[in-house]
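Reading through the structure tokens given below for one structure.
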Amino acid sequence: EVEAVHGHDLEIGSGECFGLLGPNGAGKTTTIEILEGLTTPDAGEVELLGASWAHDGHGLRERLGISLQETQLHDKLTVFETLRLFRSFYKSGRDPEDVLVLLSLGEKRDARVGKLSGGQKQRLSVACALVGDPDLLFLDEPTTGLDPQSRRELWEQITRFRAGGGTVLLTTHYM
């Protein structure tokens with residue numbers, strides 16, 4: 001029997017960027033899915049932003065931004081429609097038009113998601129995670145499929161998010 005995650009004890013301070021680094025199959029995604037409330041742990045406790053999934057799951061969801069390793073977005077929607085949809089999941093958040101510019105997707109505003117390149121889809125996934133103006137941002141392998149310039153731009157956005165007081169937890173297998 002394989003224990004994907006055992007004995008983790010993480011404490012990440014507000015405004016930090018914490019990376020889970022390891023090879024494929026090391027348990028990074030399992031760990032982040034437990035923290036995101038997508039997977040129930042077999043044992044232990046999870047507390048985020050002073051709350052737990054058992055007692056305040058809805059309140060936690062309002063404060064999180066999540067970009068999954070393989071986010072599946074609807075191919076027939078436009079980039080803007082996708083961002084507007086994700087923004088509608090939150091009581092408050094950012095203007096989707098501003099987030100388009102922030103992630104260098106302005107010129108793709110009216111393009112169908114199915115027509116985007118892999119890197120553009122990855123940037124859209126991160127935009128969807130940011131549009132709710134989260135306190136805590138989860139990024140699972142956020143630079144996969146990005147060219148060097150797009151990767152640099154994404155790191156700049158993460159730096160800006162942190163400078164604004166946000167906390168980031170990301171997984172990667174890149175050094």
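Chain lettering (A, B, ...) mirrors the order of the structure tokens, residue numbering begins at 1 for each chain separately, and ligand numbering begins at 1 in order of display.
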
Practice problem: From region 1-139 of chain A, collect each residue whose DSSP state is helix (DSSP H, G or I) and return the set as JSON, numbers by chain. | Solution: {"A": [28, 29, 30, 31, 32, 33, 34, 35, 53, 54, 55, 56, 57, 58, 59, 60, 61, 79, 80, 81, 82, 83, 84, 85, 86, 87, 96, 97, 98, 99, 100, 101, 102, 106, 107, 108, 113, 114, 115, 118, 119, 120, 121, 122, 123, 124, 125, 126, 127, 128, 129, 130]}

With N, CA and C atoms retained, write the just-selected residues as a short mmCIF file (atom, residue, chain, number, x, y, z; two decimals), in the first residue's frame.
data_model
loop_
_atom_site.label_atom_id
_atom_site.label_comp_id
_atom_site.auth_asym_id
_atom_site.auth_seq_id
_atom_site.Cartn_x
_atom_site.Cartn_y
_atom_site.Cartn_z
N LYS A 28 3.08 15.78 -4.58
CA LYS A 28 2.85 17.23 -4.57
C LYS A 28 1.38 17.55 -4.86
N THR A 29 0.84 16.97 -5.92
CA THR A 29 -0.54 17.25 -6.30
C THR A 29 -1.50 16.73 -5.24
N THR A 30 -1.24 15.57 -4.68
CA THR A 30 -2.10 15.03 -3.62
C THR A 30 -2.12 15.98 -2.44
N THR A 31 -0.96 16.49 -2.06
CA THR A 31 -0.87 17.42 -0.94
C THR A 31 -1.70 18.67 -1.21
N ILE A 32 -1.51 19.25 -2.38
CA ILE A 32 -2.22 20.49 -2.69
C ILE A 32 -3.72 20.25 -2.82
N GLU A 33 -4.13 19.09 -3.34
CA GLU A 33 -5.56 18.79 -3.45
C GLU A 33 -6.20 18.62 -2.07
N ILE A 34 -5.47 18.10 -1.11
CA ILE A 34 -5.98 18.01 0.26
C ILE A 34 -6.16 19.41 0.83
N LEU A 35 -5.17 20.25 0.63
CA LEU A 35 -5.24 21.62 1.14
C LEU A 35 -6.37 22.41 0.48
N TRP A 53 -11.88 23.05 6.57
CA TRP A 53 -12.89 22.64 5.60
C TRP A 53 -14.13 22.11 6.29
N ALA A 54 -13.96 21.44 7.43
CA ALA A 54 -15.11 20.86 8.13
C ALA A 54 -16.05 21.92 8.68
N HIS A 55 -15.52 23.06 9.09
CA HIS A 55 -16.34 24.07 9.75
C HIS A 55 -16.66 25.29 8.91
N ASP A 56 -15.87 25.58 7.88
CA ASP A 56 -16.13 26.79 7.09
C ASP A 56 -15.68 26.61 5.65
N GLY A 57 -16.12 25.52 5.02
CA GLY A 57 -15.73 25.24 3.65
C GLY A 57 -16.16 26.32 2.67
N HIS A 58 -17.39 26.80 2.81
CA HIS A 58 -17.88 27.83 1.87
C HIS A 58 -17.07 29.12 2.03
N GLY A 59 -16.83 29.52 3.25
CA GLY A 59 -16.04 30.74 3.50
C GLY A 59 -14.63 30.61 2.97
N LEU A 60 -14.04 29.44 3.08
CA LEU A 60 -12.69 29.22 2.55
C LEU A 60 -12.66 29.34 1.03
N ARG A 61 -13.65 28.75 0.38
CA ARG A 61 -13.68 28.80 -1.09
C ARG A 61 -13.68 30.24 -1.61
N VAL A 79 -12.40 33.56 -24.19
CA VAL A 79 -11.53 33.83 -23.04
C VAL A 79 -12.26 34.73 -22.05
N PHE A 80 -12.89 35.80 -22.56
CA PHE A 80 -13.60 36.72 -21.68
C PHE A 80 -14.78 36.04 -21.00
N GLU A 81 -15.57 35.26 -21.74
CA GLU A 81 -16.70 34.56 -21.15
C GLU A 81 -16.25 33.62 -20.03
N THR A 82 -15.12 32.98 -20.24
CA THR A 82 -14.57 32.07 -19.22
C THR A 82 -14.21 32.83 -17.96
N LEU A 83 -13.53 33.96 -18.11
CA LEU A 83 -13.16 34.76 -16.94
C LEU A 83 -14.40 35.32 -16.24
N ARG A 84 -15.37 35.77 -17.01
CA ARG A 84 -16.60 36.31 -16.42
C ARG A 84 -17.33 35.20 -15.64
N LEU A 85 -17.34 33.99 -16.18
CA LEU A 85 -17.97 32.87 -15.49
C LEU A 85 -17.27 32.60 -14.15
N PHE A 86 -15.94 32.51 -14.18
CA PHE A 86 -15.21 32.25 -12.93
C PHE A 86 -15.39 33.38 -11.93
N ARG A 87 -15.45 34.61 -12.41
CA ARG A 87 -15.67 35.76 -11.52
C ARG A 87 -17.03 35.66 -10.84
N PRO A 96 -12.85 41.24 -14.81
CA PRO A 96 -12.25 40.32 -15.78
C PRO A 96 -11.42 41.02 -16.85
N GLU A 97 -11.82 42.22 -17.26
CA GLU A 97 -11.04 42.97 -18.26
C GLU A 97 -9.64 43.26 -17.74
N ASP A 98 -9.54 43.63 -16.46
CA ASP A 98 -8.23 43.92 -15.86
C ASP A 98 -7.36 42.68 -15.79
N VAL A 99 -7.98 41.55 -15.48
CA VAL A 99 -7.23 40.30 -15.37
C VAL A 99 -6.74 39.84 -16.74
N LEU A 100 -7.52 40.10 -17.78
CA LEU A 100 -7.07 39.78 -19.15
C LEU A 100 -5.76 40.50 -19.45
N VAL A 101 -5.71 41.77 -19.13
CA VAL A 101 -4.50 42.57 -19.38
C VAL A 101 -3.36 42.07 -18.51
N LEU A 102 -3.66 41.81 -17.24
CA LEU A 102 -2.66 41.35 -16.28
C LEU A 102 -1.92 40.11 -16.76
N GLY A 106 -5.24 40.06 -23.39
CA GLY A 106 -6.13 41.05 -23.97
C GLY A 106 -6.42 40.83 -25.44
N GLU A 107 -5.39 40.46 -26.20
CA GLU A 107 -5.59 40.24 -27.65
C GLU A 107 -6.36 38.96 -27.94
N LYS A 108 -6.51 38.10 -26.93
CA LYS A 108 -7.26 36.85 -27.09
C LYS A 108 -8.64 36.92 -26.45
N VAL A 113 -11.67 29.33 -26.32
CA VAL A 113 -10.66 28.64 -25.51
C VAL A 113 -10.04 27.49 -26.29
N GLY A 114 -10.84 26.78 -27.08
CA GLY A 114 -10.35 25.65 -27.86
C GLY A 114 -9.31 26.02 -28.90
N LYS A 115 -9.22 27.29 -29.24
CA LYS A 115 -8.26 27.76 -30.24
C LYS A 115 -6.96 28.30 -29.63
N GLY A 118 -1.25 25.98 -25.82
CA GLY A 118 -1.11 25.40 -24.48
C GLY A 118 -0.70 26.45 -23.45
N GLY A 119 0.23 27.30 -23.82
CA GLY A 119 0.67 28.35 -22.90
C GLY A 119 -0.41 29.37 -22.61
N GLN A 120 -1.20 29.71 -23.63
CA GLN A 120 -2.30 30.65 -23.43
C GLN A 120 -3.37 30.04 -22.52
N LYS A 121 -3.65 28.75 -22.69
CA LYS A 121 -4.61 28.08 -21.81
C LYS A 121 -4.10 28.08 -20.37
N GLN A 122 -2.79 27.87 -20.22
CA GLN A 122 -2.20 27.87 -18.87
C GLN A 122 -2.35 29.25 -18.24
N ARG A 123 -2.10 30.31 -19.00
CA ARG A 123 -2.24 31.68 -18.48
C ARG A 123 -3.71 31.97 -18.15
N LEU A 124 -4.63 31.45 -18.97
CA LEU A 124 -6.05 31.63 -18.69
C LEU A 124 -6.43 30.92 -17.39
N SER A 125 -5.88 29.76 -17.16
CA SER A 125 -6.15 29.03 -15.92
C SER A 125 -5.71 29.85 -14.71
N VAL A 126 -4.55 30.47 -14.81
CA VAL A 126 -4.06 31.32 -13.71
C VAL A 126 -4.95 32.55 -13.58
N ALA A 127 -5.38 33.12 -14.70
CA ALA A 127 -6.29 34.27 -14.67
C ALA A 127 -7.59 33.90 -13.94
N CYS A 128 -8.11 32.70 -14.20
CA CYS A 128 -9.32 32.24 -13.53
C CYS A 128 -9.11 32.12 -12.02
N ALA A 129 -7.90 31.75 -11.62
CA ALA A 129 -7.57 31.64 -10.19
C ALA A 129 -7.46 33.01 -9.54
N LEU A 130 -7.07 34.03 -10.31
CA LEU A 130 -6.88 35.37 -9.77
C LEU A 130 -8.13 36.24 -9.79
#

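Here the DSSP assignment of strand (DSSP E), based on backbone atoms, applies within chain A to Cys17, Phe18, Gly19, Leu20, Leu21, Glu47, Leu48, Ala51, Ser52, Leu64, Gly65, Ile66, Ser67, Leu136, Leu137, Phe138, Leu139, Asp140, Thr167, Val168, Leu169, Leu170, Thr171 and Thr172 of chain A.
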
Practice problem: Would you mind telling me which residue in A:Thr171, A:Val131, A:Gly50, A:Arg63 lies nearest to Ser88 (chain A) when using only C-alpha atoms? | Solution: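 Between A:Thr171, A:Val131, A:Gly50, A:Arg63, the residue approaching Ser88 (chain A) most closely is A:Val131.
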
Quiz item: Could you name the residues that touch Ile158 (chain A) at 12 Å or less, counting only C-alpha atoms, but leaving out those on the same chain fewer than 5 positions away, as an MDAnalysis selection string?
Solution: chainID A and resid 15:18 102:103 123 126:127 129:130 136:139 142:143 151:153 163:170

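Comparing the minimum interatomic distances between Tyr90 (chain A) and each of A:Gly25, A:Gly132, A:Gly145, A:Gly19, counting only C-alpha atoms, we find that A:Gly132 sits nearest.
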
Quiz item: When you draw a straight line from CA of Leu20 (chain A) to CA of Glu141 (chain A), how long is it in Å?
Solution: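 So the two atoms, CA of Leu20 (chain A) and CA of Glu141 (chain A), lie 9.7 Å apart.
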
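Interatomic distance, CA of Thr159 (chain A) to CA of Gly13 (chain A): 15.4 Å.
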
Quiz item: Which value, in Å to one decimal, gives the distance between CA of Ala43 (chain A) and CA of Gly7 (chain A)?
Solution: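 Pair CA of Ala43 (chain A) / CA of Gly7 (chain A) returns 9.9 Å.
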
Exercise. Name the closest residue to Leu68 (chain A) among the candidates A:Asp110, A:Asp147, A:Asp140, A:Asp135; distances are taken between atoms, counting only C-alpha atoms.
Key: A:Asp140
